[in-house]
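Enquirer: Structure provided below as structure tokens; questions to follow.
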Amino acid sequence: MSYNIALNFEDGVTRFVSCNDGETVLDAAYRAQINLPMDCSDGVCGTCKGACHQGDFDMGEEYIDEALSDEEADRGMVLTCQMVPSSDCVVEVPVASTMCKTGNAEVTGTVAEVNLISPTSIELKIAADDDIAFLPGQYVNIQVPDTEETRAYSFSSKPGSRDLSFLIRNVPGGLMSSWLVGKARTGDKVTLTGPMGSFYLRPVERSILMLAGGTGLAPMLAKLEYLKVHGCDQPTHLVYGVSNDDDLVCLDILDRFAAELDNFSYVTVVSGEDSDHPRKGYVTEHMDEAPLNDGDVDVYLCGPPPMVDSVLGFFREQGIEPNSFHYEKFTPSAPAAKENVA
Ligand SMILES: Cc1cc2nc3c(=O)[nH]c(=O)nc-3n(C[C@H](O)[C@H](O)[C@H](O)COP(=O)(O)OP(=O)(O)OC[C@H]3O[C@@H](n4cnc5c(N)ncnc54)[C@H](O)[C@@H]3O)c2cc1C
Ligand code: FES
């Protein structure tokens, strides 16, 4: 028996290691040539301290209070030299991956499909040549073929499959967008590095509210795929906002989730003035329909930076403090073209 342990480093890199029954996380990482911080390896110095909020494990009784206090243990802190997992776990390591002589994994793959599913959205499917483990909500950097440039994209597919999919905004004149729309062909080789990011689904212990702007829907789809496999016994609601009617994509997939996932519901919102959508405006104008549960809710927010900033501002102004709040901004890699001032 072995367990998958996700090691999330401070610089956003995630590496997965396989931990055998009875093995400590520190030893499992070492076997995978990842040198986690350590000194005594006896539960005395506290050098290997990290945190684990996801998964089951035993810390034994061999460590001393100076290394890890009861109060720290109650907050989910762990000593990786003592921690023996009894399920898959996510461990936060408070140093950069480079400090542990590791970094992003690189996987190659083949373009399986490129579909322009709306004038503004591209569905990219890649068949990975190797396993690429990720947590639902994480992203990878994909190299733009024939260039040194990479672009970050959140997986929209379910973890555990080599059939990867992505939902990508078609940015006019954008490097990756132009390659996808103009040049990409089935069978083209691509290189992915990752996974990365902390926008992953946490243990589902209360209502979930997902707020997606445009292609910010992608990581929500991965989370919903995960919930479909692992069950969803808490109310999960998605508010999906776009600029124009044309931008609303993947509604067939969302309808399928609504039919198949017991506690899932969603609404769409369109902000464009020309739209005759029944819910017009921005996501923040339709929060009355979002179950905030007096703050007893885990919120996941993703989209272009202005949308994310405006929702963050809304929560601040309304004084709403959810149990947890996770967000990802789809910040462009290239600086926006400067406006010409006459
Ligand atoms: C963590 C992370 C995850 C991401 N995940 C996704 C994802 O799942 N799906 C997705 O579509 N994008 C995602 N992005 C954004 C993505 O990485 C690229 O920035 C985007 O696809 C544009 O790439 P491009 O090469 O086509 O355009 P670029 O060549 O990078 O940009 C060309 C020009 O367009 C501007 N621009 C770039 N993006 C936009 C935009 N959205 N609206 C208006 N102008 C823009 C740039 O500033 C530049 O001036 C993510 C970004 C981050 C940081
Ligand atoms: S390495 Fe010293 S307590 Fe773990």
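Ligands are numbered from 1 in the order shown, residues from 1 within each chain, and chains are lettered A, B, ... in the order they appear in the structure tokens.
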Compute the set of protein, DNA and RNA residues whose minimum atom distance to ligand 2 is at most 8 Å, using only C-alpha atoms and all ligand atoms, and state it as a list in words.
Expert: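 Going residue by residue within 8 Å of ligand 2, we get Pro37, Met38, Asp39, Cys40, Ser41, Asp42, Gly43, Val44, Cys45, Gly46, Thr47, Cys48, Lys49, Tyr63, Ala67, Leu68, Leu79, Thr80, Cys81 and Gln82 of chain A.
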Enquirer: For those residues, write all heavy atoms to a file as a short mmCIF file (atom, residue, chain, number, x, y, z; two decimals), in the first residue's frame.
Expert:
```cif
data_model
loop_
_atom_site.label_atom_id
_atom_site.label_comp_id
_atom_site.auth_asym_id
_atom_site.auth_seq_id
_atom_site.Cartn_x
_atom_site.Cartn_y
_atom_site.Cartn_z
N PRO A 37 13.69 20.11 4.18
CA PRO A 37 14.51 20.62 5.29
C PRO A 37 14.54 19.61 6.43
O PRO A 37 13.49 19.07 6.80
CB PRO A 37 13.77 21.90 5.73
CG PRO A 37 12.87 22.25 4.60
CD PRO A 37 12.56 20.99 3.87
N MET A 38 15.69 19.33 6.97
CA MET A 38 15.78 18.42 8.11
C MET A 38 17.12 18.63 8.81
O MET A 38 18.06 19.15 8.22
CB MET A 38 15.63 16.95 7.68
CG MET A 38 16.67 16.44 6.72
SD MET A 38 18.14 15.85 7.57
CE MET A 38 17.67 14.27 8.12
N ASP A 39 17.17 18.22 10.07
CA ASP A 39 18.44 18.25 10.80
C ASP A 39 18.57 16.96 11.59
O ASP A 39 19.35 16.09 11.24
CB ASP A 39 18.46 19.50 11.68
CG ASP A 39 19.84 19.75 12.26
OD1 ASP A 39 20.72 18.89 12.01
OD2 ASP A 39 20.03 20.74 12.96
N CYS A 40 17.73 16.83 12.64
CA CYS A 40 17.91 15.68 13.53
C CYS A 40 17.25 14.40 13.00
O CYS A 40 17.70 13.30 13.28
CB CYS A 40 17.33 16.01 14.90
SG CYS A 40 15.54 16.20 14.88
N SER A 41 16.15 14.56 12.26
CA SER A 41 15.26 13.48 11.81
C SER A 41 14.73 12.63 12.98
O SER A 41 14.32 11.48 12.80
CB SER A 41 15.91 12.62 10.72
OG SER A 41 16.69 11.60 11.26
N ASP A 42 14.72 13.23 14.16
CA ASP A 42 14.29 12.51 15.37
C ASP A 42 13.16 13.21 16.11
O ASP A 42 12.86 12.87 17.25
CB ASP A 42 15.48 12.39 16.33
CG ASP A 42 16.23 11.11 16.11
OD1 ASP A 42 15.60 10.17 15.57
OD2 ASP A 42 17.43 11.05 16.43
N GLY A 43 12.58 14.25 15.51
CA GLY A 43 11.50 14.96 16.20
C GLY A 43 11.99 15.85 17.31
O GLY A 43 11.25 16.11 18.28
N VAL A 44 13.22 16.35 17.20
CA VAL A 44 13.80 17.16 18.28
C VAL A 44 14.01 18.62 17.87
O VAL A 44 13.77 19.54 18.64
CB VAL A 44 15.15 16.54 18.73
CG1 VAL A 44 15.84 17.43 19.75
CG2 VAL A 44 14.92 15.15 19.31
N CYS A 45 14.46 18.84 16.63
CA CYS A 45 14.90 20.19 16.27
C CYS A 45 13.80 21.07 15.68
O CYS A 45 13.86 22.30 15.76
CB CYS A 45 16.05 20.12 15.27
SG CYS A 45 15.56 19.45 13.66
N GLY A 46 12.80 20.49 15.05
CA GLY A 46 11.70 21.28 14.45
C GLY A 46 12.03 21.82 13.07
O GLY A 46 11.22 22.52 12.47
N THR A 47 13.22 21.49 12.52
CA THR A 47 13.63 22.02 11.21
C THR A 47 12.69 21.56 10.09
O THR A 47 12.51 22.27 9.10
CB THR A 47 15.07 21.54 10.87
OG1 THR A 47 15.89 21.85 11.98
CG2 THR A 47 15.62 22.20 9.63
N CYS A 48 12.08 20.38 10.24
CA CYS A 48 11.28 19.81 9.15
C CYS A 48 9.80 20.21 9.25
O CYS A 48 8.96 19.60 8.61
CB CYS A 48 11.40 18.29 9.18
SG CYS A 48 10.69 17.59 10.68
N LYS A 49 9.51 21.24 10.04
CA LYS A 49 8.11 21.60 10.29
C LYS A 49 7.41 22.07 9.01
O LYS A 49 7.96 22.84 8.23
CB LYS A 49 8.06 22.71 11.34
CG LYS A 49 6.75 22.79 12.07
CD LYS A 49 6.77 23.89 13.12
CE LYS A 49 7.73 23.59 14.25
NZ LYS A 49 7.77 24.66 15.25
N TYR A 63 8.21 12.71 19.22
CA TYR A 63 8.76 14.07 19.09
C TYR A 63 8.56 14.87 20.38
O TYR A 63 7.69 14.54 21.20
CB TYR A 63 8.15 14.80 17.89
CG TYR A 63 6.68 15.11 18.00
CD1 TYR A 63 6.23 16.31 18.56
CD2 TYR A 63 5.71 14.19 17.56
CE1 TYR A 63 4.88 16.58 18.67
CE2 TYR A 63 4.36 14.45 17.66
CZ TYR A 63 3.95 15.66 18.22
OH TYR A 63 2.62 15.93 18.34
N ALA A 67 9.94 20.88 19.48
CA ALA A 67 9.93 20.71 18.02
C ALA A 67 8.54 21.03 17.45
O ALA A 67 8.41 21.69 16.41
CB ALA A 67 10.34 19.29 17.64
N LEU A 68 7.51 20.58 18.13
CA LEU A 68 6.13 20.82 17.69
C LEU A 68 5.24 20.85 18.92
O LEU A 68 5.08 19.83 19.61
CB LEU A 68 5.67 19.70 16.73
CG LEU A 68 4.30 19.91 16.10
CD1 LEU A 68 4.38 20.92 14.95
CD2 LEU A 68 3.75 18.59 15.56
N LEU A 79 5.62 17.51 11.65
CA LEU A 79 7.06 17.29 11.44
C LEU A 79 7.15 16.20 10.39
O LEU A 79 6.67 15.07 10.62
CB LEU A 79 7.73 16.84 12.74
CG LEU A 79 7.64 17.80 13.92
CD1 LEU A 79 8.21 17.14 15.19
CD2 LEU A 79 8.40 19.10 13.62
N THR A 80 7.74 16.53 9.23
CA THR A 80 7.75 15.53 8.16
C THR A 80 8.62 14.32 8.52
O THR A 80 8.45 13.25 7.95
CB THR A 80 8.21 16.13 6.82
OG1 THR A 80 9.51 16.69 6.99
CG2 THR A 80 7.25 17.20 6.32
N CYS A 81 9.56 14.48 9.47
CA CYS A 81 10.40 13.34 9.86
C CYS A 81 9.63 12.37 10.76
O CYS A 81 10.10 11.26 11.01
CB CYS A 81 11.68 13.82 10.54
SG CYS A 81 11.46 14.40 12.23
N GLN A 82 8.45 12.79 11.26
CA GLN A 82 7.64 11.93 12.13
C GLN A 82 6.33 11.52 11.47
O GLN A 82 5.70 10.53 11.86
CB GLN A 82 7.30 12.67 13.44
CG GLN A 82 8.51 13.13 14.22
CD GLN A 82 9.39 11.97 14.66
OE1 GLN A 82 8.96 11.08 15.38
NE2 GLN A 82 10.65 11.97 14.19
#
```
Enquirer: List as a PyMOL selection string the protein and nucleic acid residues lying within 7 Å of ligand 1, with only C-alpha atoms and all ligand atoms counted.
Expert: chain A and resi 139+151-155+166-178+197+215-216+218-219+304+328-337
Enquirer: Mind dumping the selected residues with N, CA and C atoms as a compact mmCIF listing (two decimals), in the first residue's frame?
Expert:
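Written file, out.txt:
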```txt
# COMPACT_ATOMS: atom_id res chain seq x y z
N TYR A 139 -2.44 24.68 -12.02
CA TYR A 139 -2.15 25.01 -13.42
C TYR A 139 -0.78 24.48 -13.83
N ARG A 151 3.10 30.00 -21.22
CA ARG A 151 1.88 30.60 -20.69
C ARG A 151 1.27 29.65 -19.67
N ALA A 152 0.69 30.23 -18.62
CA ALA A 152 0.09 29.43 -17.55
C ALA A 152 -1.36 29.08 -17.90
N TYR A 153 -1.73 27.82 -17.75
CA TYR A 153 -3.13 27.42 -17.97
C TYR A 153 -3.58 26.44 -16.90
N SER A 154 -4.78 26.69 -16.38
CA SER A 154 -5.35 25.81 -15.36
C SER A 154 -5.95 24.59 -16.03
N PHE A 155 -5.73 23.44 -15.44
CA PHE A 155 -6.35 22.23 -15.97
C PHE A 155 -7.87 22.36 -15.82
N PHE A 166 -7.90 22.05 -21.40
CA PHE A 166 -7.73 23.43 -20.95
C PHE A 166 -8.77 24.29 -21.64
N LEU A 167 -9.18 25.35 -20.94
CA LEU A 167 -10.12 26.31 -21.51
C LEU A 167 -9.39 27.64 -21.60
N ILE A 168 -9.21 28.13 -22.83
CA ILE A 168 -8.27 29.24 -23.05
C ILE A 168 -8.95 30.39 -23.76
N ARG A 169 -8.76 31.60 -23.22
CA ARG A 169 -9.32 32.78 -23.88
C ARG A 169 -8.53 33.07 -25.15
N ASN A 170 -9.26 33.34 -26.23
CA ASN A 170 -8.62 33.69 -27.50
C ASN A 170 -8.32 35.19 -27.49
N VAL A 171 -7.10 35.52 -27.07
CA VAL A 171 -6.70 36.94 -26.98
C VAL A 171 -6.20 37.37 -28.36
N PRO A 172 -6.88 38.33 -29.03
CA PRO A 172 -6.45 38.72 -30.37
C PRO A 172 -4.98 39.15 -30.37
N GLY A 173 -4.19 38.55 -31.26
CA GLY A 173 -2.76 38.90 -31.36
C GLY A 173 -1.90 38.28 -30.28
N GLY A 174 -2.48 37.58 -29.34
CA GLY A 174 -1.71 36.95 -28.25
C GLY A 174 -0.83 35.83 -28.81
N LEU A 175 0.32 35.63 -28.20
CA LEU A 175 1.28 34.66 -28.71
C LEU A 175 0.71 33.24 -28.74
N MET A 176 0.24 32.78 -27.57
CA MET A 176 -0.32 31.41 -27.51
C MET A 176 -1.64 31.34 -28.28
N SER A 177 -2.46 32.38 -28.12
CA SER A 177 -3.77 32.37 -28.81
C SER A 177 -3.55 32.24 -30.31
N SER A 178 -2.60 33.01 -30.87
CA SER A 178 -2.37 32.99 -32.32
C SER A 178 -1.86 31.62 -32.75
N GLY A 197 0.67 26.12 -8.09
CA GLY A 197 -0.43 26.94 -7.59
C GLY A 197 -1.09 26.39 -6.34
N THR A 215 -12.76 32.50 -18.77
CA THR A 215 -12.11 31.19 -18.74
C THR A 215 -11.65 30.81 -17.33
N GLY A 216 -11.89 31.68 -16.37
CA GLY A 216 -11.70 31.33 -14.95
C GLY A 216 -12.58 30.15 -14.56
N ALA A 218 -12.21 27.32 -15.95
CA ALA A 218 -11.40 26.10 -16.13
C ALA A 218 -11.10 25.38 -14.80
N PRO A 219 -10.50 26.07 -13.81
CA PRO A 219 -10.17 25.32 -12.58
C PRO A 219 -11.41 24.85 -11.82
N PRO A 304 -10.09 37.04 -14.78
CA PRO A 304 -9.14 38.10 -15.09
C PRO A 304 -8.97 39.04 -13.89
N GLU A 328 -7.51 32.98 -7.67
CA GLU A 328 -6.44 32.92 -8.69
C GLU A 328 -6.75 34.01 -9.72
N LYS A 329 -5.73 34.83 -9.99
CA LYS A 329 -5.90 35.85 -11.04
C LYS A 329 -5.21 35.36 -12.30
N PHE A 330 -5.89 35.44 -13.45
CA PHE A 330 -5.29 35.07 -14.72
C PHE A 330 -4.47 36.26 -15.24
N THR A 331 -3.40 36.56 -14.55
CA THR A 331 -2.57 37.71 -14.92
C THR A 331 -1.85 37.43 -16.23
N PRO A 332 -1.93 38.36 -17.21
CA PRO A 332 -1.21 38.12 -18.47
C PRO A 332 0.29 38.10 -18.25
N SER A 333 1.01 37.25 -19.02
CA SER A 333 2.48 37.21 -18.92
C SER A 333 3.07 38.45 -19.58
N ALA A 334 2.52 38.80 -20.76
CA ALA A 334 3.04 39.95 -21.51
C ALA A 334 2.35 41.20 -21.02
N PRO A 335 3.09 42.33 -20.87
CA PRO A 335 2.43 43.55 -20.44
C PRO A 335 1.41 44.01 -21.48
N ALA A 336 0.30 44.57 -21.01
CA ALA A 336 -0.72 45.06 -21.94
C ALA A 336 -0.14 46.16 -22.81
N ALA A 337 -0.53 46.18 -24.08
CA ALA A 337 -0.04 47.22 -24.98
C ALA A 337 -0.45 48.59 -24.46
```
Enquirer: List every residue of stretch 168-320 of chain A that DSSP, applied to the backbone of this structure, places in strand (DSSP E), and write the result as a PyMOL selection string.
Expert: chain A and resi 168-169+189-196+207-213+236-242+264-270+297-303
Enquirer: Please produce an output containing N, CA and C atoms for each residue in the selection, written as a tab-separated table (two decimals), in the first residue's frame.
Expert:
```tsv
chain	number	residue	atom	x	y	z
A	168	ILE	N	-9.21	28.13	-22.83
A	168	ILE	CA	-8.27	29.24	-23.05
A	168	ILE	C	-8.95	30.39	-23.76
A	169	ARG	N	-8.76	31.60	-23.22
A	169	ARG	CA	-9.32	32.78	-23.88
A	169	ARG	C	-8.53	33.07	-25.15
A	189	LYS	N	3.78	18.51	-30.92
A	189	LYS	CA	4.36	18.22	-29.60
A	189	LYS	C	4.34	19.48	-28.74
A	190	VAL	N	4.01	19.34	-27.46
A	190	VAL	CA	4.05	20.47	-26.52
A	190	VAL	C	4.75	20.03	-25.24
A	191	THR	N	5.30	21.02	-24.53
A	191	THR	CA	5.98	20.73	-23.26
A	191	THR	C	5.26	21.47	-22.14
A	192	LEU	N	4.99	20.74	-21.07
A	192	LEU	CA	4.29	21.32	-19.92
A	192	LEU	C	5.19	21.23	-18.70
A	193	THR	N	5.24	22.27	-17.90
A	193	THR	CA	5.96	22.19	-16.62
A	193	THR	C	5.00	22.53	-15.49
A	194	GLY	N	5.08	21.74	-14.44
A	194	GLY	CA	4.19	21.96	-13.30
A	194	GLY	C	3.92	20.64	-12.61
A	195	PRO	N	2.87	20.51	-11.83
A	195	PRO	CA	1.82	21.50	-11.63
A	195	PRO	C	2.25	22.57	-10.65
A	196	MET	N	1.47	23.65	-10.64
A	196	MET	CA	1.77	24.76	-9.73
A	196	MET	C	0.48	25.33	-9.15
A	207	SER	N	-20.44	24.44	2.85
A	207	SER	CA	-20.86	24.89	1.51
A	207	SER	C	-19.69	25.46	0.74
A	208	ILE	N	-19.75	25.29	-0.57
A	208	ILE	CA	-18.72	25.86	-1.45
A	208	ILE	C	-19.39	26.87	-2.37
A	209	LEU	N	-18.75	28.02	-2.52
A	209	LEU	CA	-19.20	29.01	-3.49
A	209	LEU	C	-18.08	29.24	-4.48
A	210	MET	N	-18.36	28.97	-5.77
A	210	MET	CA	-17.36	29.20	-6.82
A	210	MET	C	-17.78	30.41	-7.63
A	211	LEU	N	-16.85	31.33	-7.84
A	211	LEU	CA	-17.13	32.53	-8.62
A	211	LEU	C	-16.13	32.56	-9.76
A	212	ALA	N	-16.63	32.41	-11.00
A	212	ALA	CA	-15.72	32.31	-12.15
A	212	ALA	C	-16.00	33.43	-13.13
A	213	GLY	N	-14.94	34.05	-13.64
A	213	GLY	CA	-15.06	35.07	-14.68
A	213	GLY	C	-14.42	34.55	-15.96
A	236	THR	N	-22.93	23.11	-3.29
A	236	THR	CA	-21.86	23.71	-4.09
A	236	THR	C	-22.50	24.54	-5.18
A	237	HIS	N	-22.23	25.85	-5.17
A	237	HIS	CA	-22.90	26.73	-6.11
A	237	HIS	C	-21.86	27.52	-6.90
A	238	LEU	N	-22.10	27.61	-8.22
A	238	LEU	CA	-21.19	28.35	-9.10
A	238	LEU	C	-21.92	29.54	-9.70
A	239	VAL	N	-21.29	30.72	-9.61
A	239	VAL	CA	-21.75	31.88	-10.37
A	239	VAL	C	-20.71	32.12	-11.45
A	240	TYR	N	-21.14	32.02	-12.71
A	240	TYR	CA	-20.22	32.08	-13.85
A	240	TYR	C	-20.57	33.33	-14.67
A	241	GLY	N	-19.67	34.30	-14.63
A	241	GLY	CA	-19.92	35.57	-15.29
A	241	GLY	C	-19.04	35.77	-16.51
A	242	VAL	N	-19.61	36.35	-17.56
A	242	VAL	CA	-18.83	36.65	-18.77
A	242	VAL	C	-19.23	38.04	-19.28
A	264	PHE	N	-25.01	20.21	-6.51
A	264	PHE	CA	-24.43	21.28	-7.32
A	264	PHE	C	-25.49	22.07	-8.09
A	265	SER	N	-25.34	23.39	-8.07
A	265	SER	CA	-26.20	24.26	-8.88
A	265	SER	C	-25.35	25.39	-9.44
A	266	TYR	N	-25.82	26.04	-10.50
A	266	TYR	CA	-25.05	27.16	-11.05
A	266	TYR	C	-25.97	28.17	-11.71
A	267	VAL	N	-25.49	29.40	-11.81
A	267	VAL	CA	-26.18	30.43	-12.60
A	267	VAL	C	-25.13	31.13	-13.46
A	268	THR	N	-25.62	31.71	-14.57
A	268	THR	CA	-24.72	32.47	-15.43
A	268	THR	C	-25.13	33.94	-15.40
A	269	VAL	N	-24.15	34.80	-15.63
A	269	VAL	CA	-24.35	36.24	-15.57
A	269	VAL	C	-23.62	36.85	-16.76
A	270	VAL	N	-24.25	37.78	-17.47
A	270	VAL	CA	-23.59	38.43	-18.61
A	270	VAL	C	-23.61	39.94	-18.40
A	297	VAL	N	-18.79	29.27	4.67
A	297	VAL	CA	-18.67	28.85	3.28
A	297	VAL	C	-17.20	28.96	2.87
A	298	ASP	N	-16.76	28.06	1.97
A	298	ASP	CA	-15.42	28.17	1.38
A	298	ASP	C	-15.59	28.76	-0.02
A	299	VAL	N	-14.92	29.89	-0.25
A	299	VAL	CA	-15.10	30.59	-1.53
A	299	VAL	C	-13.88	30.37	-2.42
A	300	TYR	N	-14.15	30.06	-3.70
A	300	TYR	CA	-13.11	29.93	-4.72
A	300	TYR	C	-13.44	30.92	-5.83
A	301	LEU	N	-12.49	31.82	-6.11
A	301	LEU	CA	-12.73	32.90	-7.07
A	301	LEU	C	-11.63	32.88	-8.11
A	302	CYS	N	-12.00	32.94	-9.40
A	302	CYS	CA	-10.97	32.90	-10.43
A	302	CYS	C	-11.44	33.64	-11.68
A	303	GLY	N	-10.51	34.38	-12.29
A	303	GLY	CA	-10.84	35.08	-13.52
A	303	GLY	C	-9.78	36.13	-13.82
```
Enquirer: Interatomic distance between atom CA of A:Ser2 and atom CA of A:Ser161?
Expert: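 Result for atom CA of A:Ser2 versus atom CA of A:Ser161: 18.8 Å, one decimal.
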Enquirer: Using atom CA of A:Gln143 and atom CA of A:Leu116 as the two end points, give the distance in Å to one decimal.
Expert: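 These two atoms are separated by 19.7 Å.
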Enquirer: Which polymer residues have any atom within 6 Å of an atom of stretch 88-98 of chain A, counting only C-alpha atoms, with same-chain residues fewer than 5 positions away left out, as a tab-separated table (two decimals) with N, CA, C and O atoms, in the first residue's frame?
Expert:
```tsv
chain	number	residue	atom	x	y	z
A	3	TYR	N	0.78	5.79	-0.65
A	3	TYR	CA	-0.09	6.97	-0.72
A	3	TYR	C	0.59	8.07	-1.53
A	3	TYR	O	1.82	8.19	-1.52
A	4	ASN	N	-0.24	8.88	-2.22
A	4	ASN	CA	0.29	10.01	-2.98
A	4	ASN	C	0.39	11.23	-2.08
A	4	ASN	O	-0.62	11.68	-1.54
A	5	ILE	N	1.58	11.74	-1.93
A	5	ILE	CA	1.77	12.91	-1.08
A	5	ILE	C	2.14	14.10	-1.97
A	5	ILE	O	3.15	14.06	-2.69
A	6	ALA	N	1.30	15.13	-1.95
A	6	ALA	CA	1.61	16.36	-2.70
A	6	ALA	C	2.43	17.26	-1.79
A	6	ALA	O	1.99	17.60	-0.69
A	7	LEU	N	3.62	17.61	-2.24
A	7	LEU	CA	4.46	18.54	-1.47
A	7	LEU	C	4.33	19.91	-2.13
A	7	LEU	O	4.76	20.10	-3.27
A	8	ASN	N	3.70	20.82	-1.44
A	8	ASN	CA	3.50	22.17	-1.99
A	8	ASN	C	4.56	23.10	-1.44
A	8	ASN	O	4.56	23.41	-0.24
A	9	PHE	N	5.46	23.55	-2.30
A	9	PHE	CA	6.56	24.41	-1.85
A	9	PHE	C	6.12	25.87	-1.86
A	9	PHE	O	5.15	26.25	-2.53
A	10	GLU	N	6.91	26.66	-1.15
A	10	GLU	CA	6.58	28.08	-0.98
A	10	GLU	C	6.53	28.85	-2.31
A	10	GLU	O	5.81	29.82	-2.45
A	11	ASP	N	7.33	28.39	-3.30
A	11	ASP	CA	7.36	29.09	-4.59
A	11	ASP	C	6.27	28.62	-5.55
A	11	ASP	O	6.32	28.92	-6.74
A	50	GLY	N	6.21	21.56	8.81
A	50	GLY	CA	5.38	21.99	7.68
A	50	GLY	C	3.93	22.00	8.15
A	50	GLY	O	3.67	22.11	9.36
A	51	ALA	N	3.00	21.89	7.21
A	51	ALA	CA	1.59	21.86	7.61
A	51	ALA	C	0.85	20.87	6.72
A	51	ALA	O	1.22	20.68	5.56
A	52	CYS	N	-0.15	20.26	7.29
A	52	CYS	CA	-0.98	19.33	6.51
A	52	CYS	C	-2.43	19.49	6.95
A	52	CYS	O	-2.77	19.23	8.11
A	54	GLN	N	-4.89	18.33	4.76
A	54	GLN	CA	-5.63	17.45	3.87
A	54	GLN	C	-5.03	16.05	3.94
A	54	GLN	O	-3.88	15.86	3.53
A	55	GLY	N	-5.78	15.11	4.49
A	55	GLY	CA	-5.31	13.73	4.55
A	55	GLY	C	-5.17	13.25	5.98
A	55	GLY	O	-5.22	14.04	6.94
A	103	GLY	N	12.34	21.01	-8.36
A	103	GLY	CA	11.69	22.08	-9.11
A	103	GLY	C	10.53	21.48	-9.85
A	103	GLY	O	10.08	20.38	-9.54
```
Enquirer: Can you measure atom CA of A:Gln234 to atom CA of A:Ser324 for me? One decimal in Å is fine.
Expert: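 Atom CA of A:Ser324 lies at a distance of 15.1 Å from atom CA of A:Gln234.
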Enquirer: Between A:Ser198, A:Asn263, A:Ser310, A:Asn115, which has the minimum distance to A:Pro136 (counting only C-alpha atoms)?
Expert: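 The answer is A:Ser198, which sits nearest to A:Pro136.
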Enquirer: Nearest to A:Pro203: which of A:Leu254, A:Asp131, A:Pro306, A:Asp56 is it, counting only C-alpha atoms?
Expert: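 Smallest separation from A:Pro203 among the options: A:Asp56.
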